[in-house]
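The file run-v2.txt comes next; it holds compact mmCIF, C-alpha atoms.
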# COMPACT_ATOMS: atom_id res chain seq x y z
CA MET A 943 0.00 0.00 0.00
CA ASN A 944 1.51 3.34 -1.02
CA ILE A 945 1.19 6.57 0.94
CA ARG A 946 -1.40 7.98 -1.44
CA THR A 947 -3.69 4.97 -0.97
CA LEU A 948 -3.20 5.15 2.79
CA PHE A 949 -4.27 8.75 3.13
CA LEU A 950 -7.18 8.40 0.73
CA GLY A 951 -8.33 5.51 2.88
CA LEU A 952 -8.05 7.62 6.01
CA ALA A 953 -10.05 10.29 4.24
CA ALA A 954 -12.89 7.86 3.66
CA VAL A 955 -12.84 6.61 7.25
CA LEU A 956 -12.91 10.10 8.75
CA LEU A 957 -15.61 11.24 6.32
CA PHE A 958 -13.53 14.05 4.91
CA THR A 959 -15.33 16.42 2.59
CA GLY A 960 -13.82 18.74 0.05
CA CYS A 961 -14.72 21.60 -2.21
CA ALA A 962 -13.06 24.01 -4.57
CA THR A 963 -13.57 27.25 -6.46
CA SER A 964 -16.22 27.43 -9.17
CA GLU A 965 -14.75 29.98 -11.60
CA HIS A 966 -13.08 28.53 -14.71
CA ILE A 967 -9.61 29.74 -15.70
CA ASP A 968 -7.82 30.05 -19.03
CA TYR A 969 -5.13 27.37 -19.31
CA THR A 970 -3.32 29.00 -22.25
CA ALA A 971 -0.43 30.48 -20.23
CA PHE A 972 -0.05 27.28 -18.21
CA ARG A 973 -0.01 25.11 -21.32
CA ASN A 974 2.52 27.35 -23.09
CA ASN A 975 4.84 27.74 -20.09
CA THR A 976 4.60 24.47 -18.19
CA PRO A 977 7.37 24.55 -15.56
CA HIS A 978 9.67 21.58 -15.02
CA SER A 979 10.85 22.62 -11.54
CA VAL A 980 8.73 24.21 -8.82
CA LEU A 981 9.56 25.93 -5.54
CA VAL A 982 6.74 25.45 -3.01
CA VAL A 983 6.29 28.03 -0.25
CA VAL A 984 3.63 29.16 2.20
CA SER A 985 3.40 32.87 1.50
CA HIS A 986 0.59 33.72 3.96
CA SER A 987 -1.42 32.08 6.72
CA GLU A 988 -4.64 33.28 8.29
CA SER A 989 -4.33 30.58 10.95
CA GLU A 990 -2.64 31.06 14.31
CA GLU A 991 -2.14 27.31 14.75
CA VAL A 992 1.60 26.60 15.10
CA ASN A 993 1.30 23.42 13.02
CA ALA A 994 -0.52 25.06 10.11
CA ILE A 995 2.46 26.15 8.01
CA PRO A 996 4.73 23.08 8.47
CA SER A 997 1.78 20.72 7.98
CA VAL A 998 0.52 22.32 4.77
CA LEU A 999 4.00 22.88 3.37
CA SER A 1000 5.29 19.37 4.00
CA SER A 1001 2.18 17.76 2.52
CA ALA A 1002 2.47 19.50 -0.85
CA ALA A 1003 5.73 18.10 -2.21
CA LEU A 1004 4.78 14.45 -2.79
CA PRO A 1005 1.50 14.93 -4.70
CA LEU A 1006 3.06 17.68 -6.80
CA SER A 1007 5.97 15.38 -7.63
CA GLU A 1008 3.56 12.59 -8.54
CA ALA A 1009 1.80 15.05 -10.84
CA GLY A 1010 4.99 15.28 -12.90
CA TYR A 1011 7.01 18.18 -11.49
CA TYR A 1012 10.44 18.38 -9.88
CA VAL A 1013 9.87 20.00 -6.48
CA ILE A 1014 12.68 21.86 -4.75
CA PRO A 1015 13.24 20.00 -1.42
CA VAL A 1016 11.35 21.80 1.35
CA THR A 1017 14.20 21.48 3.86
CA LEU A 1018 16.67 22.99 1.39
CA ALA A 1019 14.28 25.84 0.66
CA ASN A 1020 13.77 26.58 4.36
CA GLU A 1021 17.50 26.64 5.06
CA THR A 1022 18.11 28.91 2.08
CA PHE A 1023 15.46 31.37 3.26
CA LYS A 1024 16.97 31.39 6.75
CA SER A 1025 20.41 32.09 5.28
CA ILE A 1026 19.13 35.33 3.73
CA GLY A 1027 17.24 36.36 6.85
CA VAL A 1028 13.74 35.35 5.76
CA ARG A 1029 11.91 33.53 8.55
CA LYS A 1030 8.25 34.52 8.17
CA ALA A 1031 5.82 33.37 5.50
CA ASP A 1032 4.63 36.88 4.63
CA GLU A 1033 8.22 37.94 3.89
CA ILE A 1034 8.55 35.36 1.10
CA LYS A 1035 5.91 36.99 -1.11
CA SER A 1036 7.96 40.21 -1.16
CA ILE A 1037 11.06 38.50 -2.61
CA PRO A 1038 11.39 39.39 -6.34
CA HIS A 1039 10.79 36.53 -8.75
CA SER A 1040 14.22 37.07 -10.28
CA ARG A 1041 15.80 36.60 -6.84
CA LEU A 1042 13.88 33.36 -6.23
CA LYS A 1043 15.03 32.07 -9.60
CA GLU A 1044 18.62 33.02 -8.76
CA LEU A 1045 18.47 31.28 -5.37
CA PHE A 1046 16.74 28.06 -6.40
CA GLY A 1047 17.00 27.82 -10.19
CA ALA A 1048 13.30 26.90 -10.32
CA ASP A 1049 11.04 27.61 -13.28
CA ALA A 1050 8.07 28.55 -11.10
CA VAL A 1051 6.97 29.13 -7.53
CA MET A 1052 3.85 27.64 -5.97
CA TYR A 1053 2.53 30.16 -3.44
CA LEU A 1054 0.31 28.53 -0.81
CA THR A 1055 -2.09 30.66 1.21
CA ILE A 1056 -3.61 29.01 4.27
CA ASN A 1057 -7.14 30.38 4.51
CA GLU A 1058 -8.13 28.21 7.46
CA TYR A 1059 -6.58 25.51 9.63
CA GLN A 1060 -8.59 25.02 12.79
CA THR A 1061 -11.37 23.27 14.69
CA ASN A 1062 -14.85 24.72 14.24
CA TYR A 1063 -17.82 24.20 16.54
CA VAL A 1064 -21.45 24.02 15.40
CA LEU A 1065 -24.17 23.11 17.91
CA LEU A 1066 -23.23 19.62 19.16
CA ASP A 1067 -20.72 19.00 16.41
CA SER A 1068 -17.08 19.92 15.94
CA TYR A 1069 -14.96 19.55 12.85
CA PHE A 1070 -11.48 20.43 11.65
CA LEU A 1071 -11.18 22.45 8.45
CA VAL A 1072 -8.15 23.01 6.21
CA SER A 1073 -8.52 25.49 3.36
CA VAL A 1074 -5.62 26.35 1.03
CA THR A 1075 -5.26 28.48 -2.09
CA ALA A 1076 -2.44 27.49 -4.46
CA GLU A 1077 -1.06 29.92 -7.06
CA LEU A 1078 1.57 28.84 -9.59
CA VAL A 1079 3.67 31.75 -10.87
CA ASP A 1080 6.26 31.65 -13.66
CA LEU A 1081 9.53 33.05 -12.26
CA SER A 1082 10.73 34.35 -15.63
CA THR A 1083 7.62 36.31 -16.58
CA GLY A 1084 5.83 36.81 -13.28
CA LYS A 1085 2.61 35.50 -14.83
CA THR A 1086 0.15 33.42 -12.85
CA LEU A 1087 -0.14 30.09 -14.67
CA TRP A 1088 -2.72 28.44 -12.43
CA LYS A 1089 -4.69 29.17 -9.28
CA GLU A 1090 -7.16 27.10 -7.28
CA THR A 1091 -8.60 26.82 -3.79
CA SER A 1092 -9.51 23.60 -2.03
CA GLU A 1093 -10.70 22.73 1.43
CA ASP A 1094 -11.16 19.52 3.38
CA SER A 1095 -12.83 18.79 6.69
CA ASN A 1096 -13.98 15.87 8.78
CA GLU A 1097 -17.41 17.40 9.20
CA SER A 1098 -20.30 15.02 9.87
CA MET A 1099 -24.01 15.37 9.39
CA ILE A 1100 -26.27 16.05 12.39
CA SER A 1101 -28.81 13.22 12.66
CA GLY A 1102 -31.45 14.97 14.73
CA ASP A 1103 -31.12 12.49 17.59
CA ILE A 1104 -29.75 14.62 20.40
CA VAL A 1105 -28.24 11.66 22.30
CA SER A 1106 -26.53 10.20 19.20
CA ASP A 1107 -25.31 13.62 18.13
CA ALA A 1108 -23.90 14.35 21.58
CA VAL A 1109 -22.06 11.02 21.71
CA GLY A 1110 -20.77 11.49 18.15
CA ALA A 1111 -19.55 14.99 18.96
CA VAL A 1112 -17.64 13.74 22.03
CA VAL A 1113 -16.04 10.91 20.03
CA LYS A 1114 -14.98 13.23 17.22
CA TYR A 1115 -13.66 15.83 19.66
CA GLY A 1116 -11.56 13.09 21.24
CA LEU A 1117 -10.24 12.03 17.85
CA ASN A 1118 -9.40 15.62 16.98
CA GLU A 1119 -7.47 15.93 20.23
CA LEU A 1120 -5.69 12.55 20.12
CA MET A 1121 -4.87 12.47 16.39
CA ASP A 1122 -3.19 15.07 14.27
CA VAL A 1123 -6.31 15.48 12.15
CA GLY A 1124 -5.03 18.73 10.70
CA ASN A 1125 -2.03 16.92 9.22
CA TYR A 1126 -4.18 14.19 7.67
CA LEU A 1127 -6.46 16.83 6.19
CA SER A 1128 -3.49 18.77 4.84
CA VAL A 1129 -2.33 15.65 3.00
CA THR A 1130 -5.75 14.86 1.50
CA ASN A 1131 -6.22 18.51 0.60
CA SER A 1132 -2.83 18.62 -1.13
CA TYR A 1133 -3.71 15.54 -3.17
CA ASN A 1134 -6.98 17.22 -4.03
CA LEU A 1135 -5.17 20.34 -5.21
CA PHE A 1136 -2.30 18.66 -7.05
CA THR A 1137 -3.96 15.69 -8.75
CA PRO A 1138 -4.39 16.35 -12.49
CA ASP A 1139 -7.90 15.89 -13.91
CA ASN A 1140 -9.35 15.77 -10.42
CA SER A 1141 -13.12 15.84 -11.00
CA TYR A 1142 -13.70 17.57 -7.66
CA LEU A 1143 -11.89 20.69 -8.86
CA THR A 1144 -13.17 23.22 -11.35
CA ASN A 1145 -9.60 23.96 -12.43
CA PRO A 1146 -7.37 20.93 -11.80
CA ILE A 1147 -3.63 21.34 -12.17
CA LEU A 1148 -2.11 20.15 -15.46
CA SER A 1149 0.18 17.13 -15.56
CA GLY A 1150 3.84 18.09 -15.41
CA PRO A 1151 6.63 17.29 -17.91
CA TYR A 1152 7.70 14.21 -15.96
CA SER A 1153 4.25 12.64 -16.04
CA PRO A 1154 3.20 10.06 -18.68
CA TYR A 1155 0.01 12.10 -19.02
CA TYR A 1156 1.83 15.33 -19.94
CA ARG A 1157 -0.22 17.26 -22.53
CA LYS A 1158 -2.95 14.61 -22.30
CA ASP A 1159 -5.10 16.19 -19.56
CA LYS A 1160 -8.82 15.77 -20.16
CA ILE A 1161 -9.48 19.31 -18.99
CA LEU A 1162 -7.65 20.62 -22.08
CA SER A 1163 -10.10 18.93 -24.42
CA LYS A 1164 -13.14 20.57 -22.86
Final structure tokens representation of the file:
Amino acid sequence: MNIRTLFLGLAAVLLFTGCATSEHIDYTAFRNNTPHSVLVVVSHSESEEVNAIPSVLSSAALPLSEAGYYVIPVTLANETFKSIGVRKADEIKSIPHSRLKELFGADAVMYLTINEYQTNYVLLDSYFLVSVTAELVDLSTGKTLWKETSEDSNESMISGDIVSDAVGAVVKYGLNELMDVGNYLSVTNSYNLFTPDNSYLTNPILSGPYSPYYRKDKILSK
């Protein structure tokens, strides 16, 4: 069993739900300037959770690699940013594209914005929600090649039976406390964002140059 199968299985068990943006984008720039190498960074986080940035950042590399792109190692990127005095996510967005290209030699940068990473409470229920916006920018031209938002949660449906709902809420709260649910959700959300031809996304990412499906994405024929 590979890691992708494992986390998709966990997603099913925990009743994860996902959604994405509904506005269609023009793939012309992406198709004409498909990057081979990508630097992945968290450029902003609305969450105050200490695990939000490392969880979201570390979960992005594998699915993006499986999609057919060479991803600059996250550890190397972090050390490089520290060496030039950049330690906060918001500071990364201010670095000129030419400087990022000089530092990492990447064709593009994938800016990740964490919109939400936290537990939410509704009546007798509680659920963890991870919402991330990914924006792929060409480092030579500064053009946005692709942008999409996805979110995942372990939200359940209220049954109407107050006793069952109360018990279910307590069990889920315990799971949220005992397990790193946010990390699992970050992984499933990253696979949602970075899986080409994902039917759950309005604008799925295109297959990269190292994928056997390069230039064969179904979304391009629509």
State, in Å with one decimal place, the distance from CA of Thr970 in chain A to CA of Pro1005 in chain A. 23.0 Å
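Between CA of Leu999 in chain A and CA of Tyr969 in chain A the interatomic distance comes to 24.9 Å.
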Please return, as a VMD selection string, all polymer residues that have at least one atom within 10 Å of the point (-0.6, 28.2, -16.2); use only C-alpha atoms and the file's own coordinate frame. chain A and resid 967 to 977 1077 to 1080 1085 to 1089 1147 to 1148
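Here CA of Tyr1142 in chain A is placed at a distance of 26.2 Å from CA of Asn993 in chain A.
Of the listed residues (A:Val1013, A:Thr1144, A:Thr1083, A:Leu1045), A:Thr1144 comes nearest to His966 in chain A; the distances count only C-alpha atoms.
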Between A:Tyr1155, A:Ser1001, A:Phe1070, A:Ser1040, single out the one closest to Val1123 in chain A, counting all atoms listed in the file. A:Phe1070
Would you list the contacts of Thr1017 in chain A as a list in words, taking every protein, DNA or RNA residue within 12 Å and counting all atoms listed in the file, but skipping same-chain residues closer than 2 positions in sequence?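 The residues that qualify are Leu981, Val982, Val983, Pro996, Leu999, Ser1000, Ala1003, Val1013, Ile1014, Pro1015, Ala1019, Asn1020, Glu1021, Thr1022, Phe1023 and Lys1024 of chain A.
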Contact residues around Val998 in chain A with all atoms listed in the file at 10 Å, ignoring same-chain residues under 4 positions, as an MDAnalysis selection string: chainID A and resid 983:984 993:994 1002:1003 1054:1056 1059 1072:1074 1124:1129 1131:1132
Write the residues of the preceding selection, restricted to C-alpha atoms, as a CSV table (one decimal), in the coordinates of the input.
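Result file selection.csv:
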chain,number,residue,atom,x,y,z
A,983,VAL,CA,6.3,28.0,-0.2
A,984,VAL,CA,3.6,29.2,2.2
A,993,ASN,CA,1.3,23.4,13.0
A,994,ALA,CA,-0.5,25.1,10.1
A,1002,ALA,CA,2.5,19.5,-0.8
A,1003,ALA,CA,5.7,18.1,-2.2
A,1054,LEU,CA,0.3,28.5,-0.8
A,1055,THR,CA,-2.1,30.7,1.2
A,1056,ILE,CA,-3.6,29.0,4.3
A,1059,TYR,CA,-6.6,25.5,9.6
A,1072,VAL,CA,-8.2,23.0,6.2
A,1073,SER,CA,-8.5,25.5,3.4
A,1074,VAL,CA,-5.6,26.4,1.0
A,1124,GLY,CA,-5.0,18.7,10.7
A,1125,ASN,CA,-2.0,16.9,9.2
A,1126,TYR,CA,-4.2,14.2,7.7
A,1127,LEU,CA,-6.5,16.8,6.2
A,1128,SER,CA,-3.5,18.8,4.8
A,1129,VAL,CA,-2.3,15.6,3.0
A,1131,ASN,CA,-6.2,18.5,0.6
A,1132,SER,CA,-2.8,18.6,-1.1
Counting all atoms listed in the file, what is within 7 Å of Glu988 in chain A, bar same-chain residues fewer than 2 positions away, as a PDB file with C-alpha atoms, in the frame of the given file?
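Everything below was put into part_12.pdb:
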ATOM      1  CA  HIS A 986       0.590  33.720   3.960  1.00  0.00           C
ATOM      2  CA  GLU A 990      -2.640  31.060  14.310  1.00  0.00           C
ATOM      3  CA  ILE A1056      -3.610  29.010   4.270  1.00  0.00           C
ATOM      4  CA  ASN A1057      -7.140  30.380   4.510  1.00  0.00           C
ATOM      5  CA  GLU A1058      -8.130  28.210   7.460  1.00  0.00           C
TER       6      GLU A1058
END
Find the residue from A:Ser1007, A:Ala1076, A:Ser985, A:Leu1018 that sits nearest to Asp1032 in chain A; use all atoms listed in the file when measuring. A:Ser985
